[in-house]
Each structure stands twice: as C-alpha cells, then as structure tokens.
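**Q** This is the structure I have questions about; it appears just below.
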Amino acid sequence: MKKQVPLTITFIVGVVLILSVFFPPVETWGEDFSLFFDIIAVFAFFLGGGNLIRVHTERIAKKKKDWGFSIITILGFLIMLAAGLFKLWNPGDISADVAATGSLFQLLYDWMFNPLGATMYSLLAFYVASASYRAFRAKNRDATILLIAAFIILLGRTPLGMYATGWIPESFSVLQIPNLAIWVMTSPNLAGQRAIMIGIALGVVAMSLRLILGVERTYLGMDID
Amino acid sequence: MDCTGKSQKYTYIAILTLFLSLLLIISSANAVNSEVLVEDTTSAFIPNAPTYVTATDYKYDRGESAIVKWQLSSDDNSTGKITGYEIFRSEADADNFVSIGVVLPGENSFRDKSTENGVSYIYGVVTLYNGRTSQMVLSEPITPGTEIVNWNLLNLFIIGLLIAGSVIFFITHAKRGKKLFIRKIAGLEAIDEAIGRATEMGRPILFIPGINDMDDVQTIAGITLLGRVAKVVADYDIKINMPVARSIVMTVGRETIKEAYVSAGRPDAYSDDMVHYITDEQFGYVAAVDGIMVREKPATCFYLGAFFAESLILAETGNSVGAIQIAGTAMPAQLPFFVAACDYTLIGEELFAASAYLSNEPKQLGSLKGQDVGKFMAMMAIALGVFGATIAEAWGGSFFIWLDEFMHRLFTITN
C-alpha cells in the first residue's frame with residue numbers, strides 16, 4: 001500500500017498532464033494539478049518554519065559551536081514574521097497592503113533584506129574572477145581554445161576591442177574583435193548550447209517516463225539497493 | 001525749411017510703417033483664414049470603412065478565442081489618412097457592441113481571447129481617424145466551441161510518441177535480459193571516491209539539491225541521486241548535511257535518507273537533523289550554506305538540481321575550503337560555472353541519467369538507450385534540415401525548398 005498509492009498518484013497525474021497538452025477539454029485539469037501542488041507547498045511552509053525554529057533553538061539551548069548566529073537567525077525570522085503578520089507600523093489598518101510604504105515590513109525589506117541580498121550577489125564578481133583565473137589557464141589544447149574564446153568575448157564586449165581593431169577595412173570587418181565576439185556567441189556557443197538543450201529535453205522525457213511508469217522509485221526511498 | 005523737410009521725412013516713415021503693418025495684418029488674417037479652411041476641409045473627412053469582415057472560431061481551444069479578419073479600408077495607405085481599426089463585439093441576440101481592441105493601420109486581423117464556449121457573437125470593425133470613425137461593418141454570427149484534439153500540436157505529438165515509444169521499447173527490451181552498453185560517466189564514477197575521501201578525512205558531506213521545489217524535474221533527479229549517495233554514506237557511517245530551500249524538498253529528502261539508512265541496516269544512525277530548512281530566499285540560502293561550508297569544512301560537496309546565480313558562489317566557496325565537488329544541473333547558463341569550479345560536472349542529460357546509471361538495473365538502463373534513439377533522430381533532423389536549407393538557398397529546386405519548409409513546419413509549435 002505504501003508503495004502502490006504514491007506510484008498510482010504519480011502515474012495518474014503524469015498521464016493527465018500529458019493529455020492536457022494535446023486535448024483542450026482536459027486542459028484545465030493540468031492547471032488544477034499545479035494548484036494542488038501550490039496548496040500543499042503552503043502547508044509545507046509551516047514545516048519549514050517549524051524546523052528552522054527547532055534546529056536553532058536546540059543549538060542555542062545546547063550552546064553548540066557558533067550558537068550566536070542562531071540567535072540572529074531566530075530574531076530575524078521572528079521580527080520579519082511579526083512585521084508581516086501583524087502589519088506593524090503599517091499606515092493603513094490590518095487590511096492594508098503588507099508592503100505599504102512606511103510599514104515596518106517594507107522598511108526591513110528595503111533597508112536590510114535587499115542590501116544583504118545584493119551583497120551576496122555582488123560576491124559573484126570576485127568569484128567570477130577567481131574561477132576564470134583557474135579555468136582560463138592554457139594547460140592543454142581545450143583550455144587554450146577556451147582562453148582564446150574568452151579573450152575575444154571579453155575584448156569584444158568592451159570599447160577596447162573596437163579601438164584595437166577598428167582600423168580593419170570594412171571588407172574584412174568580420175575580423176574586428178566585436179564582430180568576432182558576436183560570431184563566437186551566435187555560432188559555436190549557440191550550437192553547443194542547443195546540443196545541451198536537446199540532450200536535456202530528451203533526458204527530461206526519459207526521466208519523466210521512468211517516473212510515470214514507476215521504473216524510477218528512488219525519490220520515494222524505494223529500490224535504493 | 002529744414003524743419004519741414006524733417007517732418008516730411010517722418011511722415012513718409014510713418015506712412016510706410018502703417019502700410020507695412022497693414023500688409024502684415026492682412027497676410028496674417030489670410031493665413032488664419034487658410035488654416036481655418038484646412039481645418040474645415042479635414043473636419044469633414046470620414047474614413048472609408050473596412051470591407052469583408054469575417055469571424056471564425058480559433059482552432060484548437062476550449063472555445064476561448066475567435067479570429068476576426070477584414071479587408072483594409074481604401075483609405076489605409078501610406079498617406080496616414082487613418083489611425084487604426086477598432087474591433088467591437090456583441091452577443092448575437094443582443095445589439096450591444098462593446099469595444100474589445102484597437103489595431104494599427106495595415107493590420108487586418110485580431111484575436112479575441114475573451115470569448116465564452118458556446119456563446120454566439122457578432123463582430124464589428126470600424127476605421128479610426130482622430131476620434132472619428134467610419135461606419136461599422138459586421139461579421140456573420142459565430143459560436144466558438146471546444147475541439148477534442150489540438151491538431152496544431154500534431155508534430156509535437158508524433159515526435160513525443162517516437163521518443164517515448166523508443167524509451168518504452170528499450171525498457172521492455174532490457175527487461176528481457178539483453179545486455180546494453182552504457183558509456184562511463186566520470187562524475188558518477190567519482191561518487192564513491194568522493195564519499196571515501198570524506199570517510200578518510202572524518203569530515204561531513206554536504207548535499208545541495210538546488211533551490212527549486214519538487215515540481216522541478218531537476219530537483220527530483222537530485223533527490224534520486226541522494227538516495228544512492230545516502231546509502232553509501234550510511235554504509236561508511238559518515239555525517240551528511242543537507243540544507244534545503246524548500247519545505248517539501250526537506251520532507252522528501254528526509255524520507256529518502258531515512259529509507260537509505262534502513263536499507264543499509266542502520267536505521268538508528270539516521271537523524272532528522274541531517275536535512276534542515278533554511279529559507280526560500282535565494283541569497284539568504286546562499287549565505288547560510290556558505291557559512292556552513294566555512295565552519296564545517298565538508299570533505300565533499302554535491303550540487304545536484306536546479307541552480308541559478310548562486311551556483312558559482314556555492315562552488316567557489318566549496319573550492320576554497322578544499323572540498324571535492326560534484327555538480328549536475330540542466331541550467332545551461334550555470335554549467336560553465338560548475339565546470340570551472342567543480343571537480344566533476346554532470347552536464348544536462350547526465351544528471352537525469354545518473355540514477356539509472358548508478359542503479360545498474362536493466363529496465364532503467366533501457367530508458368537511457370531509448371534516449372539515445374531520440375538523439376539519433378535529432379541528429380538526422382539537423383543534418384536533413386541543414387542540407388535542405390543550404391541546397392534550397394544556393395540552387396533552389398522545388399524538392400529542397402519543400403524539404404526546408406517541411407523541416408521548419410515540423411519543429412515549429414503553433415498554439
């Protein structure tokens with residue numbers, strides 16, 4: 001029973017979702033199943049929030065290593081939750097928009113959450129530099145090709161590329177670095193990306209069929225041996 | 001005398017000024033009159049109406065749209081005499097026309113996406129010019145209805161059927177015990193080595209299933225691999241840490257690891273804390289996972305699922321703490337980051353093939369073989385399309401032009 005019920009649900013939902021693409025009368029069924037997922041996800045949020053509180057409260061109680069961070073986590077969670085749930089400092093009443101201008105929720109979001117997110121995102125610039133440094137070392141033939149392609153793209157996307165090769169006559173304009181960069185992006189790069197996309201699409205079809213037909217059961221914790 | 005001469009001079013200047021002023025006034029008055037004349041002429045302009053207005057049910061839907069077509073007004077030309085067409089609709093049994101849209105000059109069709117299944121409508125079209133309209137031309141009444149099959153997607157259906165058919169065929173084929181050759185995937189071969197390294201170092205394993213929910217097939221693929229990884233982890237008695245960004249993934253992850261520990265005969269070693277929720281927010285999650293990496297210094301990091309901008313931040317942090325890293329995603333934009341920062345990367349389809357590959361079960365491996373048939377068909381279609389398009393462009397020839405158009409139609413989805 002424990003095995004058969006989830007496999008049957010998977011089969012029915014999978015088949016209906018496929019049929020809803022090709023048969024207009026059952027089109028809404030597919031949309032309904034997506035809504036069911038959203039409803040389940042809303043209830044599951046309580047599980048997530050509860051788990052966060054439990055894990056960090058335990059860390060604080062047992063004074064585990066770096067338990068101070070857990071205090072910040074719980075405080076952040078509770079303050080944001082209260083600001084949103086009770087609409088603290090909201091210029092309107094409780095029925096007003098949760099993110100109304102001047103509300104505590106909006107202030108926390110604009111002045112704390114957004115800058116913190118942007119800070120994490122901006123780290124990407126430094127990581128791109130360090131990853132490029134490792135990836136673009138001309139250790140072998142493939143890495144050398146990668147290095148040359150990257151060099152062309154980087155130069156082609158800056159004014160320096162045009163400045164360095166703008167003198168090349170119009171009849172040989174394909175050799176100008178910005179044009180070479182466009183060619184690299186629209187020909188070899190796009191061809192490679194499309195090949196990967198075709199592989200992914202086929203992989204998704206095969207994986208979906210394995211799930212629908214019940215051949216793949218590992219996600220249910222079955223057949224792991 | 002001098003005085004008289006001077007006064008005469010001033011008199012002449014005054015008369016000349018008066019004369020010029022009069023001329024100016026008369027010419028201005030003429031200009032105003034002519035403007036009024038132009039305005040008067042234009043105000044009389046009523047654009048000609050469009051002709052032959054037809055309405056048809058849009059195929060193939062649930063009666064939710066209709067197509068209105070017309071022949072352009074004779075005033076619809078480059079002189080800019082008209083400013084567009086306005087489309088009206090009324091239920092067939094009520095003379096109650098309401099505007100449903102405006103299109104620019106030169107356009108001769110409109111798709112009404114707000115019809116109701118089974119209700120009869122009449123459409124009317126007028127030509128517009130600066131707020132003035134032509135006479136309304138009406139269509140015959142139509143009743144949008146539901147079609148049983150969406151024949152617009154016939155090509156997709158056939159392609160899907162061929163690929164799905166070959167996958168099912170090879171699954172059945174493999175069940176009969178036929179040997180299938182599957183190429184080695186370095187990233188998957190390295191899983192045991194990576195877990196072994198964690199055992200030797202006595203450090204934990206970090207498993208990141210991406211930041212999407214369970215409705216993403218990439219997350220499911222990641223979870224299927226988690227089952228295999230968790231089984232080895234349970235065997236070797238190592239710590240596994242799985243921070244997640246979605247509550248449902250947390251529940252599924254726990255269940256999968258629990259089952260793996262049970263199947264390894266060590267249910268007592270399992271703990272719910274192995275999988276814990278952090279936040280749904282992308283960069284909040286990244287900050288927390290980076291913190292875990294820096295504090296716990298895992299020996300092995302798995303990134304298997306759907307990743308976005310956080311891919312490189314995670315992989316570079318993992319690299320900086322000296323972890324062996326295995327990544328897999330079907331996000332083409334994130335693959336270069338993983339390739340640059342991780343030791344092994346499962347590229348696109350390899351992520352979906354991973355569970356089948358590791359299971360070594362004939363029926364699962366059969367699905368991979370079916371996938372190869374799909375790849376072969378894609379290769380043939382590309383070769384045929386390139387060949388047809390090149391010959392048609394260079395030398396023409398009705399067959400090659402037909403082939404080129406056929407290949408275009410075959411891979412174009414209209415809905």
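Each chain in the structure tokens gets a letter, A, B, ..., in the order shown, and its residues are numbered from 1; ligands are numbered from 1 in order too.
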Please identify all residues of chain A having at least one atom at most 7 Å from any atom of chain B, considering only C-alpha atoms, and return them as number ranges by chain.
**A** A: 22-25, 41, 44-45, 47-48, 51-52, 117, 120-121, 124, 127, 131, 135, 193, 196, 199-200, 202-204, 206-207, 215, 218-221, 224-225
**Q** Got a sec to tell me which of segment 113-218 of chain A DSSP assigns to alpha helix (DSSP H), as a VMD selection string?
**A** chain A and resid 114 to 135 141 to 156 159 to 165 177 to 184 190 to 212
**Q** Going by DSSP on the backbone, which bits of segment 133-314 of chain B are strand (DSSP E)? Write them as number ranges by chain, please.
**A** B: 133, 137-138, 205-210, 240-244, 275-277, 300-306
**Q** Please produce a file of those selected residues containing C-alpha atoms, as a tab-separated table (two decimals), in the first residue's frame.
**A**
chain	number	residue	atom	x	y	z
B	133	THR	CA	-14.99	56.59	-37.11
B	137	VAL	CA	-19.07	46.65	-40.83
B	138	LEU	CA	-20.44	43.49	-39.22
B	205	ILE	CA	29.31	15.52	3.18
B	206	LEU	CA	27.23	18.45	2.01
B	207	PHE	CA	24.35	17.74	-0.35
B	208	ILE	CA	22.61	20.70	-2.06
B	209	PRO	CA	19.51	19.75	-4.12
B	210	GLY	CA	19.22	23.13	-5.85
B	240	ILE	CA	25.61	14.03	5.75
B	241	ASN	CA	24.30	17.58	5.90
B	242	MET	CA	21.53	18.68	3.56
B	243	PRO	CA	20.39	22.30	3.93
B	244	VAL	CA	17.32	22.97	1.74
B	275	VAL	CA	18.08	17.61	6.44
B	276	HIS	CA	17.14	21.10	7.61
B	277	TYR	CA	15.25	24.01	6.13
B	300	THR	CA	32.69	16.52	-0.32
B	301	CYS	CA	30.02	18.79	-1.80
B	302	PHE	CA	27.25	17.62	-4.11
B	303	TYR	CA	25.31	20.24	-6.08
B	304	LEU	CA	22.59	18.32	-7.91
B	305	GLY	CA	19.44	20.11	-9.04
B	306	ALA	CA	18.31	23.47	-10.38
**Q** Can you tell me how far atom CA of Lys297 of chain B sits from atom CA of Val321 of chain B, in Å to one decimal?
**A**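 Atom CA of Val321 of chain B lies at a distance of 5.8 Å from atom CA of Lys297 of chain B.
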**Q** Which polymer residues have any atom within 6 Å of an atom of Gly118 of chain B, counting only C-alpha atoms, with same-chain residues fewer than 2 positions away left out, as a PDB file with all heavy atoms, in the first residue's frame?
**A**
ATOM      1  N   THR B 143     -20.115  30.907 -33.282  1.00  0.00           N
ATOM      2  CA  THR B 143     -20.203  30.321 -31.941  1.00  0.00           C
ATOM      3  C   THR B 143     -18.917  29.548 -31.659  1.00  0.00           C
ATOM      4  O   THR B 143     -18.714  28.448 -32.186  1.00  0.00           O
ATOM      5  CB  THR B 143     -21.413  29.356 -31.848  1.00  0.00           C
ATOM      6  OG1 THR B 143     -22.545  30.034 -32.375  1.00  0.00           O
ATOM      7  CG2 THR B 143     -21.662  28.920 -30.419  1.00  0.00           C
ATOM      8  N   PRO B 144     -17.996  30.133 -30.849  1.00  0.00           N
ATOM      9  CA  PRO B 144     -16.759  29.396 -30.533  1.00  0.00           C
ATOM     10  C   PRO B 144     -17.061  28.112 -29.755  1.00  0.00           C
ATOM     11  O   PRO B 144     -17.941  28.104 -28.893  1.00  0.00           O
ATOM     12  CB  PRO B 144     -15.975  30.377 -29.655  1.00  0.00           C
ATOM     13  CG  PRO B 144     -16.585  31.708 -29.903  1.00  0.00           C
ATOM     14  CD  PRO B 144     -18.018  31.454 -30.209  1.00  0.00           C
ATOM     15  N   GLY B 145     -16.357  27.059 -30.101  1.00  0.00           N
ATOM     16  CA  GLY B 145     -16.603  25.775 -29.440  1.00  0.00           C
ATOM     17  C   GLY B 145     -15.316  25.082 -29.065  1.00  0.00           C
ATOM     18  O   GLY B 145     -14.215  25.517 -29.424  1.00  0.00           O
TER      19      GLY B 145
END
**Q** Using only C-alpha atoms, which protein or nucleic acid residues come within 8 Å of segment 84-98 of chain B? Drop anything in the same chain fewer than 4 positions from it, and give the result as a list in words.
**A**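 Answer for this query is Val102, Val103, Leu104, Pro105, Gly106, Phe110, Val119, Ser120, Tyr121, Ile122, Tyr123, Gly124, Val125, Val126, Thr127, Leu128, Tyr129 and Pro141 of chain B.
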**Q** For Lys65 of chain A, list every protein, DNA or RNA residue within 12 Å, evaluated using only C-alpha atoms, and leave out those in the same chain fewer than 5 positions away; present the list as a list in words.
**A** His56, Glu58, Arg59, Ile60 and Ser70 of chain A; Ile292, Arg295 and Glu296 of chain B
**Q** Hey, can you spit out that residue selection with C-alpha atoms as a compact mmCIF listing (two decimals), in the first residue's frame?
**A**
# COMPACT_ATOMS: atom_id res chain seq x y z
CA HIS A 56 18.28 26.83 16.07
CA GLU A 58 18.34 23.44 20.10
CA ARG A 59 21.67 24.93 19.07
CA ILE A 60 21.20 27.81 21.50
CA SER A 70 21.35 31.02 15.73
CA ILE B 292 28.06 26.03 6.85
CA ARG B 295 32.51 26.48 9.55
CA GLU B 296 32.19 22.73 8.93
**Q** Find the residues around Tyr344 of chain B up to 7 Å (only C-alpha atoms counted), leave out those fewer than 2 positions away in its own chain, and share them as a list in words.
**A**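 In the requested form, the answer reads Gly187, Gln325, Ile326, Ala327, Cys342 and Leu346 of chain B.
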**Q** Now that the selection is made, can you save its residues with C-alpha atoms as a short mmCIF file (atom, residue, chain, number, x, y, z; two decimals), in the first residue's frame?
**A**
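Contents of again21.cif, freshly written:
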data_model
loop_
_atom_site.label_atom_id
_atom_site.label_comp_id
_atom_site.auth_asym_id
_atom_site.auth_seq_id
_atom_site.Cartn_x
_atom_site.Cartn_y
_atom_site.Cartn_z
CA GLY B 187 31.18 12.36 -12.45
CA GLN B 325 32.90 18.80 -5.64
CA ILE B 326 30.43 17.01 -7.92
CA ALA B 327 27.82 19.16 -9.61
CA CYS B 342 33.96 21.79 -9.54
CA LEU B 346 27.09 16.20 -14.86
#
**Q** Using Å and a single decimal, report how far atom CA of Thr144 of chain A sits from atom CA of Ile185 of chain B.
**A**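 Separating atom CA of Ile185 of chain B from atom CA of Thr144 of chain A is a distance of 24.0 Å.
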**Q** Could you list, as a list in words, every residue within 7 Å of segment 159-162 of chain A, counting only C-alpha atoms and ignoring same-chain residues fewer than 5 positions away?
**A**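 Here the answer would be Gln176, Ile177 and Pro178 of chain A.
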**Q** Based on the selection just made, write all heavy atoms of those residues as an mmCIF file, in the first residue's frame.
**A**
data_model
loop_
_atom_site.group_PDB
_atom_site.id
_atom_site.type_symbol
_atom_site.label_atom_id
_atom_site.label_comp_id
_atom_site.auth_asym_id
_atom_site.auth_seq_id
_atom_site.Cartn_x
_atom_site.Cartn_y
_atom_site.Cartn_z
ATOM 1 N N GLN A 176 37.176 42.139 -37.117
ATOM 2 C CA GLN A 176 37.154 43.091 -35.996
ATOM 3 C C GLN A 176 36.687 42.335 -34.745
ATOM 4 O O GLN A 176 35.735 41.536 -34.822
ATOM 5 C CB GLN A 176 36.200 44.246 -36.301
ATOM 6 C CG GLN A 176 36.754 45.177 -37.365
ATOM 7 C CD GLN A 176 35.749 46.241 -37.781
ATOM 8 O OE1 GLN A 176 34.591 46.212 -37.383
ATOM 9 N NE2 GLN A 176 36.202 47.154 -38.612
ATOM 10 N N ILE A 177 37.329 42.602 -33.634
ATOM 11 C CA ILE A 177 37.070 41.787 -32.426
ATOM 12 C C ILE A 177 35.585 41.799 -31.999
ATOM 13 O O ILE A 177 35.037 40.744 -31.685
ATOM 14 C CB ILE A 177 38.019 42.191 -31.275
ATOM 15 C CG1 ILE A 177 39.418 41.684 -31.619
ATOM 16 C CG2 ILE A 177 37.577 41.591 -29.939
ATOM 17 C CD1 ILE A 177 40.470 41.954 -30.587
ATOM 18 N N PRO A 178 34.887 42.956 -32.019
ATOM 19 C CA PRO A 178 33.462 42.905 -31.642
ATOM 20 C C PRO A 178 32.652 41.964 -32.543
ATOM 21 O O PRO A 178 31.773 41.238 -32.065
ATOM 22 C CB PRO A 178 32.993 44.351 -31.808
ATOM 23 C CG PRO A 178 34.224 45.162 -31.646
ATOM 24 C CD PRO A 178 35.326 44.343 -32.233
#
**Q** Rounded to one decimal, what separation in Å do you get between atom CA of Asp142 of chain A and atom CA of Val184 of chain A?
**A**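 Those two atoms sit 15.5 Å apart.
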